[in-house]
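Source file: final01.pdb. Holds: PDB, C-alpha atoms, pLDDT in the B column.
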ATOM      1  CA  MET A 240     -10.400 -23.346  -3.550  1.00 58.00           C
ATOM      2  CA  ASP A 241     -11.103 -19.601  -3.507  1.00 79.00           C
ATOM      3  CA  GLU A 242      -8.403 -17.237  -4.680  1.00 87.00           C
ATOM      4  CA  PRO A 243      -7.142 -14.903  -1.969  1.00 93.00           C
ATOM      5  CA  PRO A 244      -8.381 -11.339  -2.380  1.00 97.00           C
ATOM      6  CA  ILE A 245      -6.295  -8.461  -3.672  1.00 98.00           C
ATOM      7  CA  ARG A 246      -6.226  -5.576  -1.255  1.00 97.00           C
ATOM      8  CA  ASP A 247      -5.279  -2.000  -1.959  1.00 97.00           C
ATOM      9  CA  ASN A 248      -2.861  -0.655   0.650  1.00 96.00           C
ATOM     10  CA  PRO A 249      -2.766   3.074  -0.168  1.00 95.00           C
ATOM     11  CA  ASP A 250      -0.468   3.815   2.798  1.00 95.00           C
ATOM     12  CA  THR A 251       2.315   1.831   1.106  1.00 96.00           C
ATOM     13  CA  GLY A 252       1.130   2.332  -2.483  1.00 97.00           C
ATOM     14  CA  ARG A 253       0.717  -1.384  -3.116  1.00 98.00           C
ATOM     15  CA  PHE A 254      -1.829  -3.880  -4.324  1.00 98.00           C
ATOM     16  CA  GLU A 255      -1.233  -6.981  -2.205  1.00 98.00           C
ATOM     17  CA  ILE A 256      -2.109 -10.659  -2.050  1.00 98.00           C
ATOM     18  CA  GLU A 257      -1.284 -12.377   1.248  1.00 97.00           C
ATOM     19  CA  ILE A 258      -1.023 -16.156   1.493  1.00 97.00           C
ATOM     20  CA  ASP A 259       0.325 -18.037   4.516  1.00 95.00           C
ATOM     21  CA  GLY A 260       2.083 -14.929   5.850  1.00 96.00           C
ATOM     22  CA  HIS A 261       3.800 -14.123   2.535  1.00 97.00           C
ATOM     23  CA  VAL A 262       2.824 -11.061   0.505  1.00 98.00           C
ATOM     24  CA  ALA A 263       2.978 -10.654  -3.264  1.00 98.00           C
ATOM     25  CA  PHE A 264       2.604  -7.045  -4.327  1.00 98.00           C
ATOM     26  CA  LEU A 265       2.482  -4.525  -7.127  1.00 98.00           C
ATOM     27  CA  GLU A 266       3.880  -1.174  -6.037  1.00 98.00           C
ATOM     28  CA  TYR A 267       2.241   1.840  -7.626  1.00 98.00           C
ATOM     29  CA  THR A 268       2.023   5.598  -7.473  1.00 97.00           C
ATOM     30  CA  ARG A 269      -1.208   7.314  -8.245  1.00 95.00           C
ATOM     31  CA  GLY A 270      -1.896  10.748  -9.620  1.00 92.00           C
ATOM     32  CA  PRO A 271      -5.153  12.446 -10.553  1.00 91.00           C
ATOM     33  CA  ALA A 272      -5.326  10.672 -13.937  1.00 95.00           C
ATOM     34  CA  VAL A 273      -2.437   8.179 -13.848  1.00 96.00           C
ATOM     35  CA  LEU A 274      -1.616   4.872 -12.194  1.00 97.00           C
ATOM     36  CA  ALA A 275       2.145   4.270 -12.452  1.00 97.00           C
ATOM     37  CA  LEU A 276       3.122   0.589 -12.102  1.00 97.00           C
ATOM     38  CA  VAL A 277       6.512   0.695 -10.403  1.00 97.00           C
ATOM     39  CA  HIS A 278       7.538  -2.740  -9.103  1.00 98.00           C
ATOM     40  CA  THR A 279       6.111  -6.258  -8.876  1.00 98.00           C
ATOM     41  CA  GLU A 280       7.374  -8.774  -6.344  1.00 98.00           C
ATOM     42  CA  VAL A 281       6.282 -12.335  -5.606  1.00 98.00           C
ATOM     43  CA  PRO A 282       8.079 -14.249  -2.836  1.00 98.00           C
ATOM     44  CA  SER A 283       9.585 -17.535  -3.972  1.00 97.00           C
ATOM     45  CA  GLU A 284       7.181 -19.349  -1.625  1.00 96.00           C
ATOM     46  CA  LEU A 285       4.298 -18.052  -3.750  1.00 97.00           C
ATOM     47  CA  GLY A 286       5.883 -18.398  -7.181  1.00 96.00           C
ATOM     48  CA  GLY A 287       4.170 -20.202 -10.028  1.00 95.00           C
ATOM     49  CA  ARG A 288       0.631 -19.337  -8.944  1.00 95.00           C
ATOM     50  CA  GLY A 289       0.007 -16.512 -11.408  1.00 96.00           C
ATOM     51  CA  LEU A 290      -0.110 -13.890  -8.665  1.00 98.00           C
ATOM     52  CA  ALA A 291       1.874 -11.277 -10.593  1.00 98.00           C
ATOM     53  CA  SER A 292      -0.580 -11.610 -13.473  1.00 98.00           C
ATOM     54  CA  ARG A 293      -3.532 -11.311 -11.097  1.00 98.00           C
ATOM     55  CA  LEU A 294      -2.021  -8.101  -9.714  1.00 98.00           C
ATOM     56  CA  ALA A 295      -1.471  -6.772 -13.241  1.00 98.00           C
ATOM     57  CA  THR A 296      -5.052  -7.553 -14.233  1.00 98.00           C
ATOM     58  CA  HIS A 297      -6.334  -5.877 -11.083  1.00 98.00           C
ATOM     59  CA  ALA A 298      -4.356  -2.693 -11.815  1.00 98.00           C
ATOM     60  CA  ALA A 299      -5.501  -2.594 -15.451  1.00 98.00           C
ATOM     61  CA  GLU A 300      -9.146  -3.156 -14.547  1.00 98.00           C
ATOM     62  CA  LEU A 301      -8.957  -0.483 -11.848  1.00 97.00           C
ATOM     63  CA  ALA A 302      -7.432   1.948 -14.337  1.00 98.00           C
ATOM     64  CA  ARG A 303     -10.213   1.217 -16.815  1.00 98.00           C
ATOM     65  CA  SER A 304     -12.999   1.575 -14.247  1.00 97.00           C
ATOM     66  CA  GLU A 305     -11.610   4.863 -12.915  1.00 96.00           C
ATOM     67  CA  SER A 306     -10.570   6.311 -16.317  1.00 96.00           C
ATOM     68  CA  LEU A 307      -6.890   6.329 -15.353  1.00 97.00           C
ATOM     69  CA  ARG A 308      -3.908   6.031 -17.694  1.00 97.00           C
ATOM     70  CA  LEU A 309      -1.291   3.358 -16.967  1.00 97.00           C
ATOM     71  CA  GLU A 310       2.408   4.223 -16.850  1.00 96.00           C
ATOM     72  CA  PRO A 311       4.376   0.993 -16.426  1.00 96.00           C
ATOM     73  CA  THR A 312       8.040   1.168 -15.451  1.00 95.00           C
ATOM     74  CA  CYS A 313       8.233  -2.315 -13.946  1.00 96.00           C
ATOM     75  CA  PRO A 314       9.651  -4.783 -16.506  1.00 95.00           C
ATOM     76  CA  PHE A 315       7.056  -7.408 -15.605  1.00 96.00           C
ATOM     77  CA  GLN A 316       4.199  -4.940 -16.057  1.00 96.00           C
ATOM     78  CA  ILE A 317       5.598  -3.708 -19.383  1.00 95.00           C
ATOM     79  CA  GLY A 318       5.812  -7.281 -20.660  1.00 95.00           C
ATOM     80  CA  TRP A 319       2.384  -8.195 -19.332  1.00 97.00           C
ATOM     81  CA  LEU A 320       0.767  -5.177 -20.975  1.00 96.00           C
ATOM     82  CA  ASP A 321       2.602  -5.982 -24.210  1.00 95.00           C
ATOM     83  CA  ARG A 322       0.959  -9.430 -24.214  1.00 97.00           C
ATOM     84  CA  HIS A 323      -2.480  -8.149 -23.124  1.00 97.00           C
ATOM     85  CA  THR A 324      -3.340  -5.743 -25.901  1.00 96.00           C
ATOM     86  CA  GLU A 325      -6.903  -5.378 -24.627  1.00 97.00           C
ATOM     87  CA  TYR A 326      -5.435  -2.777 -22.264  1.00 97.00           C
ATOM     88  CA  SER A 327      -3.237  -0.944 -24.804  1.00 95.00           C
ATOM     89  CA  ASP A 328      -5.703   1.955 -24.962  1.00 96.00           C
ATOM     90  CA  LEU A 329      -4.895   2.701 -21.296  1.00 97.00           C
ATOM     91  CA  VAL A 330      -1.109   2.852 -21.598  1.00 96.00           C
ATOM     92  CA  ASN A 331       0.887   6.074 -21.682  1.00 89.00           C
ATOM     93  CA  LYS A 332       3.885   5.406 -23.863  1.00 75.00           C
ATOM     94  CA  PRO A 333       7.094   7.340 -23.227  1.00 63.00           C
ATOM     95  CA  THR A 334       7.782  10.403 -25.303  1.00 56.00           C
ATOM     96  CA  GLY A 335      11.567   9.782 -25.511  1.00 49.00           C
ATOM     97  CA  GLU A 336      13.512   7.106 -27.404  1.00 50.00           C
ATOM     98  CA  ALA A 337      11.765   3.795 -27.967  1.00 47.00           C
ATOM     99  CA  GLY A 338      14.765   1.701 -26.892  1.00 48.00           C
ATOM    100  CA  ASP A 339      14.880  -2.043 -27.419  1.00 46.00           C
ATOM    101  CA  ASP A 340      11.690  -3.002 -25.610  1.00 47.00           C
ATOM    102  CA  PRO A 341       9.081  -4.234 -28.138  1.00 45.00           C
ATOM    103  CA  PHE A 342       6.296  -2.769 -25.969  1.00 44.00           C
ATOM    104  CA  TRP A 343       7.341   0.717 -26.975  1.00 42.00           C
ATOM    105  CA  LEU A 344       7.983   0.027 -30.662  1.00 36.00           C
TER     106      LEU A 344
END

What do you get writing this file as structure tokens?
Amino acid sequence: MDEPPIRDNPDTGRFEIEIDGHVAFLEYTRGPAVLALVHTEVPSELGGRGLASRLATHAAELARSESLRLEPTCPFQIGWLDRHTEYSDLVNKPTGEAGDDPFWL
């Protein structure tokens, strides 16, 4: 079975995957050199299919192909990027306190 495509919806600032009328999305804001990853949401009807990870991969690959920096604020995206170090060269880390999140340590 083919995976449903990820579409970019720039009007809402979201990457989206629609399945059976339900939409999983990664909300973003985009600047000239930055893709900020703001919020990830997967409806319970679509849970357990790896859609949030697909959205994260899509955002990271887009950032790489367009020479953008990633600024994750979404907890899921922070954790995903922490586990996928192949994208660490793309991530803008905060300039303030590191806090307790291992991603920023």

Exercise for review: Run the PyMOL selection byres ((chain A and resi 307-323) around 6) on the file and write out the hits as a ChimeraX atom specification.
Suggested key: /A:272-278,302,305-306,324-325,329-331,342

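If you look at CA of Glu280 (chain A) and CA of Asp328 (chain A), they are 25.2 Å away from each other.
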
**Study point:** Contact residues around Asn248 (chain A) with all atoms listed in the file at 10 Å, ignoring same-chain residues under 5 positions, as a PyMOL selection string
**Key:** chain A and resi 253-255+264+266

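Going from CA of Ala299 (chain A) over to CA of Ser327 (chain A), you cover 9.8 Å.
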
Enclose region 291-298 of chain A, meaning all of its atoms listed in the file, in a box aligned along x, y and z, pad it by 4 Å on each side, and list the centre and edge lengths in Å to one decimal, as AutoDock Vina command-line options.
--center_x -2.2 --center_y -7.2 --center_z -12.0 --size_x 16.2 --size_y 16.9 --size_z 12.5

**Study point:** Nearest candidate to Asp241 (chain A) (options A:Gly286, A:Ser304, A:His297, A:Ile258; using only C-alpha atoms)
**Key:**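 Among A:Gly286, A:Ser304, A:His297, A:Ile258, it is A:Ile258 that comes nearest to Asp241 (chain A).
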
Check your understanding: Which one of A:Pro244, A:Glu284, A:Tyr326, A:Gly289 sits closest to Leu301 (chain A) if you count all atoms listed in the file?
Key ->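 Checking each of A:Pro244, A:Glu284, A:Tyr326, A:Gly289 against Leu301 (chain A), counting all atoms listed in the file, the winner is A:Tyr326.
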
Review point. For Leu265 (chain A), which of A:Pro243, A:Arg303, A:Leu294, A:Pro249 is the closest residue, counting all atoms listed in the file?
Key: A:Leu294

Point to revise | For CA of Val281 (chain A) and CA of Glu257 (chain A), the interatomic separation in Å (one decimal) | key: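 Separating CA of Val281 (chain A) from CA of Glu257 (chain A) is a distance of 10.2 Å.
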
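Ranking A:Asp250, A:Glu300, A:Pro282, A:Glu242 by their shortest atom-to-atom distance to Tyr267 (chain A), with all atoms listed in the file included, puts A:Asp250 first.
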